[in-house]
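The block underneath contains the structure these notes are about, expressed in structure tokens.
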2 protein chains.
Amino acid sequence: MKPGKNMEYLIHPKSIALIGASSKHGKPGNTILYNLLKWEGDLFLVNPNEEEIMGKKVFNDIADLPPAIEMAIIALKAAASVAVVKECVNRGFKILIVIAGGFSEAGAGGKALENEIKQAAAEKGVRLLGPNTLGVFIPGKGPDTVFVDHGDIMFSSPGGITLISQSGSVGVEAPGAVGVIGWGLRAFVGIGNRADINEEDLVEFFSHDAGTRCLAFYLETFAHGRKFFEKCKEIVPKKPVVLLKAGRTDMAARAVASHTGKIMAASGRVLQGACKQAGIHLADDEEKLVDYSKILSQEPPACNPKVAIVTSAGGYGIIALDLLAGTRYLKLAAIGEETQKKLKEKAIPFASLNNPIDLTASVDNNMIAHTLDCLEDDPDVGIILTVIFFSTPNVDFHLIDVLAQHRKKTRKPLVVYTSYGPYTNERAHQLYDKGVTAFTSLRRAIEALDILAERGYFLSRG
Amino acid sequence: MKPGKNMEYLIHPKSIALIGASSKHGKPGNTILYNLLKWEGDLFLVNPNEEEIMGKKVFNDIADLPPAIEMAIIALKAAASVAVVKECVNRGFKILIVIAGGFSEAGAGGKALENEIKQAAAEKGVRLLGPNTLGVFIPGKGPDTVFVDHGDIMFSSPGGITLISQSGSVGVEAPGAVGVIGWGLRAFVGIGNRADINEEDLVEFFSHDAGTRCLAFYLETFAHGRKFFEKCKEIVPKKPVVLLKAGRTDMAARAVASHTGKIMAASGRVLQGACKQAGIHLADDEEKLVDYSKILSQEPPACNPKVAIVTSAGGYGIIALDLLAGTRYLKLAAIGEETQKKLKEKAIPFASLNNPIDLTASVDNNMIAHTLDCLEDDPDVGIILTVIFFSTPNVDFHLIDVLAQHRKKTRKPLVVYTSYGPYTNERAHQLYDKGVTAFTSLRRAIEALDILAERGYFLSRG
């Protein structure tokens with residue numbers, strides 16, 4: 001079977017059957033129904049014991065549904081799911097999402113059940129997501145089968161990141177945490193036990209998806225290993241790929257074995273080598289996974305890794321340099337004489353016009369605009385990192401527009417580190433809403449920039 | 001002069017003269033006046049050209065003030081400050097804070113001015129803070145001379161951390177950023193150009209201050225170097241010291257020289273050695289400075305560095321292990337058979353009772369309470385790290401009280417990593433308000449725990 005077959009129904013099915021739709025608060029079949037009420041398509045609910053839920057008619061039997069439904073969400077326990085999968089396959093449904101745990105991750109009995117559904121689907125070319133998965137969430141007009149709290153508030157407007165996760169919690173909590181400063185999800189796919197659909201199918205599929213600007217993976221084990229890296233290597237020239245591979249240390253490897261029932265193969269060093277060769281950006285925690293995918297989905301690759309730092313506080317300039325010295329790719333740009341002369345025209349006398357450029361606490365919106373313009377013209381500068389404290393007296397929220405305007409015209413990566421006490425997240429999110437990439441810690445900003453330079457390096461290798 | 005002389009007036013003066021009090025919004029002398037209106041003590045305003053500001057009488061001449069005022073804040077430009085310093089010295093004032101920049105950091109002319117005020121104060125044993133400083137902020141009943149936005153909202157209730165900073169911005173912005181998840185300031189002191197009072201005086205003074213549970217330093221250069229380390233070594237058995245030394249890389253060292261007018265001495269490696277010997281915890285960015293001081297001011301030292309991890313999501317358990325493997329001091333605890341037997345009594349069948357203990361998404365408040373009790377009794381466990389997602393369906397905000405109760409009775413360090421989408425900071429702050437140490441990224445939690453284990457190691461050396 002070609003990986004691509006029927007995969008399109010994963011993100012834009014025209015019809016969905018929710019089998020195990022429930023009126024009982026807290027049940028997955030209830031939460032998923034609640035999510036799908038917002039979805040605009042043909043929704044069919046199935047439950048043998050209900051007539052109507054939330055004002056919608058309920059079918060008592062799968063046999064009563066129209067044929068060839070594009071997506072069936074099976075929100076039943078493991079044992080009950082098996083017969084239903086077979087029935088859905090026989091009815092010619094295109095893609096099935098099996099929510100329940102209690103399959104291969106739960107021992108020999110569950111493994112047998114999983115083999116049954118896997119085989120049933122494979123025989124007819126029906127695609128299967130899961131089991132043991134939160135399913136999919138496609139912000140905007142797509143389906144949402146995620147049956148836990150998941151930051152709806154933040155992700156109602158779609159972005160360019162497709163997140164594929166072997167852990168439901170990581171897939172939901174990591175974007176939820178970064179969402180407070182702005183982050184854009186194109187698609188979430190929980191691969192669960194990947195009885196059928198695995199990370200390789202998804203690389204293949206989303207490489208053709210116009211909405212996906214960056215692919216982010218959380219994996220504890222690989223379905224096949226080498227094949228995943230080969231597929232990534234093919235698409236990396238078009239789209240960046242970030243990977244958080246949990247369980248890369250011996251300490252963690254033993255735990256992965258007990259969590260997923262599979263022994264992980266690659267050690268940390270082997271993994272690093274394979275990623276570098278394939279052009280995959282390796283993240284080592286969940287915050288970096290979302291930060292790296294944020295910057296890669298928003299900023300152009302940094303082909304010139306020389307950074308100009310613009311700050312209103314000398315101390316932060318120095319901390320930035322210490323952090324910069326610890327990166328793998330970033331270098332410090334030399335601010336040219338001509339640029340310094342131009343900078344001087346609007347800077348205050350005390351300002352330091354060498355890199356880091358310290359505009360001092362007397363900085364105002366115009367000085368920042370002028371500085372960014374000057375740096376745009378300096379050929380040695382490849383990347384601009386701007387430190388913005390909204391607490392300095394002559395800077396106000398209109399600076400957000402100044403930065404947004406610069407973002408629109410510049411071809412160089414621009415990243416803001418901002419802090420403003422209790423209003424920090426709010427300001428960072430306002431910047432994000434206007435297309436400006438902002439982080440709320442200097443370390444996060446610089447580590448993300450390093451990845452942008454790594455992207456430039458990967459692309460330059462051809 | 002002994003370092004201790006008159007230093008007590010820095011935090012609890014009974015009388016303050018604000019020289020350069022201003023009615024003009026945006027001027028330091030205006031902002032400081034606004035801050036001091038909340039202060040309960042004898043406040044005298046001085047300005048030759050005003051009669052009354054904000055309803056308070058203004059003195060036109062320092063000569064009209066009562067003698068022996070305990071603190072004078074001089075909010076005038078550099079040149080004008082010199083004569084005023086001399087007058088204050090002659091009037092017998094105890095401690096002077098000179099706000100203005102334009103002294104030694106601004107070249108030879110400024111250096112001469114600085115020498116004048118330094119000498120004038122030294123002759124009569126008057127203490128001088130600054131010049132080129134934000135001064136002091138003592139939440140609660142102390143003075144506040146910080147003339148920029150500085151997270152009042154968050155720090156109105158005092159905590160146990162004394163932050164001494166050579167950079168005003170770092171001193172203000174770093175606590176502002178961490179304040180959203182809870183952080184407790186005892187005292188902020190900006191040392192500025194340290195014409196008189198330097199970091200050594202402050203180590204000495206705050207080592208005797210009952211309110212200070214942890215000392216945190218941001219330094220770009222050392223006043224004398226060795227002496228600071230010696231003083232720290234003396235007090236470390238009583239109180240932990242954290243240091244962010246900016247400019248430890250060559251790249252940054254050159255910038256420090258231009259920022260402070262001084263060449264820094266120690267390279268990164270020399271610094272590490274000196275800190276380890278003195279028992280100082282080294283932070284390498286501003287977030288770590290505040291995180292480390294937070295945990296050290298709240299949790300007991302970890303004399304046994306073996307961690308038990310409690311999670312509701314297997315994936316986060318594995319990420320935690322990968323991060324743990326990268327720490328310097330932390331180890332993984334072995335959960336004893338007896339403990340596992342007790343855990344089983346209340347855990348669900350799918351739960352994994354080996355470390356990391358995965359209570360699964362079915363976790364509820366009682367299971368967590370029970371698990372913490374079991375771990376309290378396990379002699380192999382030295383530290384407890386709990387991952388709390390408030391999104392799991394059977395956990396609610398009462399869990400905060402469960403954790404707070406455990407915090408009260410346990411002798412082991414307890415740290416929570418929590419995430420809850422847009423409500424993450426709020427939940428973390430609620431935990432802080434009840435005495436529970438929480439961080440909003442797994443990495444930050446684990447790096448902070450590593451410092452707690454380092455503290456245990458430093459203390460064990462005797």
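Ordering of the structure tokens sets the chain letters (A, B, ...), residue numbers begin anew at 1 in every chain, and ligands are numbered from 1 in the order given.
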
Inset, instruction - Dump as a PyMOL selection string the residues of chain A that approach chain B to within 7 Å, counting only C-alpha atoms. - result: chain A and resi 26+148-149+151+167+169-170+173+176-177+180+246-249+251-252+255-256+259+285+313-316+318-319+321-322+325+391-393+419-422

Inset, instruction - Write out as a PyMOL selection string which residues come within 12 Å of His398 of chain B when counting only C-alpha atoms, dropping same-chain ones fewer than 5 positions away. - result: chain B and resi 364-366+368-369+390+403-405+427+430-431+434

Inset, instruction - Among the residues of segment 159-391 of chain A, find those DSSP assigns to strand (DSSP E) from the backbone and print them as number ranges by chain. - result: A: 161-165, 185-190, 214-219, 241-245, 281-283, 306-311, 331-332, 357-358, 383-389

Inset, instruction - Just list the residues in segment 4-233 of chain B DSSP gives alpha helix (DSSP H) on the backbone, as a VMD selection string. - result: chain B and resid 28 to 36 78 to 90 108 to 124 152 to 155 168 to 179 199 to 207 226 to 233

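For the residues A:Thr145, A:Ser267, A:Asp42, A:Ala108, ranking by smallest atom-to-atom distance to Ala21 of chain A using only C-alpha atoms places A:Thr145 first.
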
Legend entry - Residue nearest Asn198 of chain A - candidates A:Glu426, A:Leu128, A:Gly160, A:Lys342, atoms counted: only C-alpha atoms: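 The answer is A:Leu128, which sits nearest to Asn198 of chain A.
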
Inset, instruction - Tell me, as JSON, numbers by chain, which residues lie within 6 Å of Phe137 of chain A, counting only C-alpha atoms; anything in the same chain fewer than 3 positions away does not count. - result: {"A": [143, 144, 187, 188]}

Legend entry - Nearest candidate to Val395 of chain A (options A:Ile295, A:Cys374, A:Ala80, A:Val363; using only C-alpha atoms):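 Distance minimum relative to Val395 of chain A lands on A:Val363.
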
Legend entry - Distance query Gly41 of chain B at most 8 Å, only C-alpha atoms, self and fewer than 3 positions along chain excluded, as an MDAnalysis selection string: chainID B and resid 13:16

Residue contacts of Glu123 of chain B (12 Å, only C-alpha atoms) excluding same-chain residues fewer than 2 positions away, as a compact mmCIF listing (two decimals) with all heavy atoms, in the first residue's frame:
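Result file follows (result-v4.txt):
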```txt
# COMPACT_ATOMS: atom_id res chain seq x y z
N MET B 1 37.59 51.81 57.41
CA MET B 1 36.18 51.74 57.82
C MET B 1 35.68 50.29 57.78
O MET B 1 35.89 49.57 56.82
CB MET B 1 35.35 52.58 56.86
CG MET B 1 33.92 52.74 57.31
SD MET B 1 32.90 53.39 55.97
CE MET B 1 34.10 54.01 54.83
N LYS B 86 28.56 66.59 49.10
CA LYS B 86 29.41 67.22 50.12
C LYS B 86 28.57 67.84 51.23
O LYS B 86 28.87 67.72 52.42
CB LYS B 86 30.30 68.28 49.47
CG LYS B 86 31.39 67.65 48.61
CD LYS B 86 32.25 68.71 47.93
CE LYS B 86 33.32 68.05 47.06
NZ LYS B 86 34.02 69.02 46.21
N VAL B 89 27.11 65.15 53.45
CA VAL B 89 28.16 64.62 54.32
C VAL B 89 28.36 65.56 55.50
O VAL B 89 28.41 65.14 56.66
CB VAL B 89 29.48 64.44 53.53
CG1 VAL B 89 30.66 64.23 54.47
CG2 VAL B 89 29.37 63.28 52.54
N ASN B 90 28.41 66.86 55.20
CA ASN B 90 28.62 67.84 56.26
C ASN B 90 27.46 67.90 57.25
O ASN B 90 27.64 68.19 58.42
CB ASN B 90 28.86 69.22 55.66
CG ASN B 90 30.24 69.29 55.02
OD1 ASN B 90 31.15 68.55 55.43
ND2 ASN B 90 30.38 70.14 54.00
N GLY B 92 25.90 65.39 58.24
CA GLY B 92 25.91 64.17 59.06
C GLY B 92 24.89 63.13 58.65
O GLY B 92 24.52 62.27 59.46
N GLU B 116 35.67 62.68 43.61
CA GLU B 116 35.31 63.74 44.57
C GLU B 116 34.27 63.27 45.58
O GLU B 116 34.41 63.46 46.79
CB GLU B 116 34.74 64.95 43.81
CG GLU B 116 35.78 66.01 43.48
CD GLU B 116 35.10 67.30 42.99
OE1 GLU B 116 34.56 68.06 43.83
OE2 GLU B 116 35.09 67.51 41.75
N ILE B 117 33.20 62.63 45.07
CA ILE B 117 32.14 62.23 46.02
C ILE B 117 32.61 61.07 46.89
O ILE B 117 32.27 60.99 48.07
CB ILE B 117 30.80 61.87 45.30
CG1 ILE B 117 30.96 60.73 44.29
CG2 ILE B 117 30.24 63.10 44.60
CD1 ILE B 117 29.61 60.22 43.76
N LYS B 118 33.42 60.22 46.31
CA LYS B 118 33.95 59.07 47.04
C LYS B 118 34.77 59.54 48.24
O LYS B 118 34.59 59.08 49.37
CB LYS B 118 34.83 58.27 46.07
CG LYS B 118 35.39 56.99 46.61
CD LYS B 118 36.13 56.25 45.49
CE LYS B 118 36.85 55.04 46.03
NZ LYS B 118 37.34 54.18 44.94
N GLN B 119 35.64 60.51 47.96
CA GLN B 119 36.53 61.01 48.99
C GLN B 119 35.77 61.77 50.08
O GLN B 119 36.00 61.56 51.27
CB GLN B 119 37.55 61.95 48.35
CG GLN B 119 38.94 61.75 48.90
CD GLN B 119 39.95 62.53 48.08
OE1 GLN B 119 39.83 62.60 46.84
NE2 GLN B 119 40.92 63.12 48.74
N ALA B 120 34.82 62.61 49.63
CA ALA B 120 34.02 63.39 50.58
C ALA B 120 33.32 62.47 51.57
O ALA B 120 33.30 62.71 52.79
CB ALA B 120 33.01 64.25 49.83
N ALA B 121 32.71 61.39 51.04
CA ALA B 121 31.97 60.48 51.91
C ALA B 121 32.91 59.72 52.83
O ALA B 121 32.65 59.59 54.03
CB ALA B 121 31.16 59.51 51.06
N GLY B 125 33.08 58.98 56.98
CA GLY B 125 32.46 57.68 57.24
C GLY B 125 31.01 57.60 56.81
O GLY B 125 30.24 56.79 57.33
N VAL B 126 30.61 58.46 55.88
CA VAL B 126 29.25 58.37 55.33
C VAL B 126 29.27 57.32 54.22
O VAL B 126 30.22 57.26 53.44
CB VAL B 126 28.80 59.74 54.77
CG1 VAL B 126 27.50 59.63 54.00
CG2 VAL B 126 28.69 60.75 55.90
N ARG B 127 28.22 56.48 54.20
CA ARG B 127 28.18 55.44 53.16
C ARG B 127 27.54 55.97 51.89
O ARG B 127 26.61 56.79 51.95
CB ARG B 127 27.41 54.19 53.64
CG ARG B 127 27.92 53.60 54.93
CD ARG B 127 29.42 53.37 54.95
NE ARG B 127 29.94 52.56 53.89
CZ ARG B 127 30.28 51.28 54.01
NH1 ARG B 127 30.16 50.67 55.18
NH2 ARG B 127 30.79 50.62 52.99
N LEU B 128 27.99 55.44 50.77
CA LEU B 128 27.55 55.92 49.48
C LEU B 128 27.15 54.71 48.64
O LEU B 128 27.94 53.79 48.48
CB LEU B 128 28.73 56.64 48.81
CG LEU B 128 28.50 57.49 47.59
CD1 LEU B 128 27.71 58.73 47.96
CD2 LEU B 128 29.86 57.91 47.01
N ASP B 196 31.63 53.39 46.78
CA ASP B 196 31.89 52.97 48.16
C ASP B 196 31.35 51.56 48.38
O ASP B 196 32.10 50.60 48.35
CB ASP B 196 31.25 53.97 49.14
CG ASP B 196 31.29 53.48 50.58
OD1 ASP B 196 32.21 52.69 50.91
OD2 ASP B 196 30.40 53.88 51.36
```
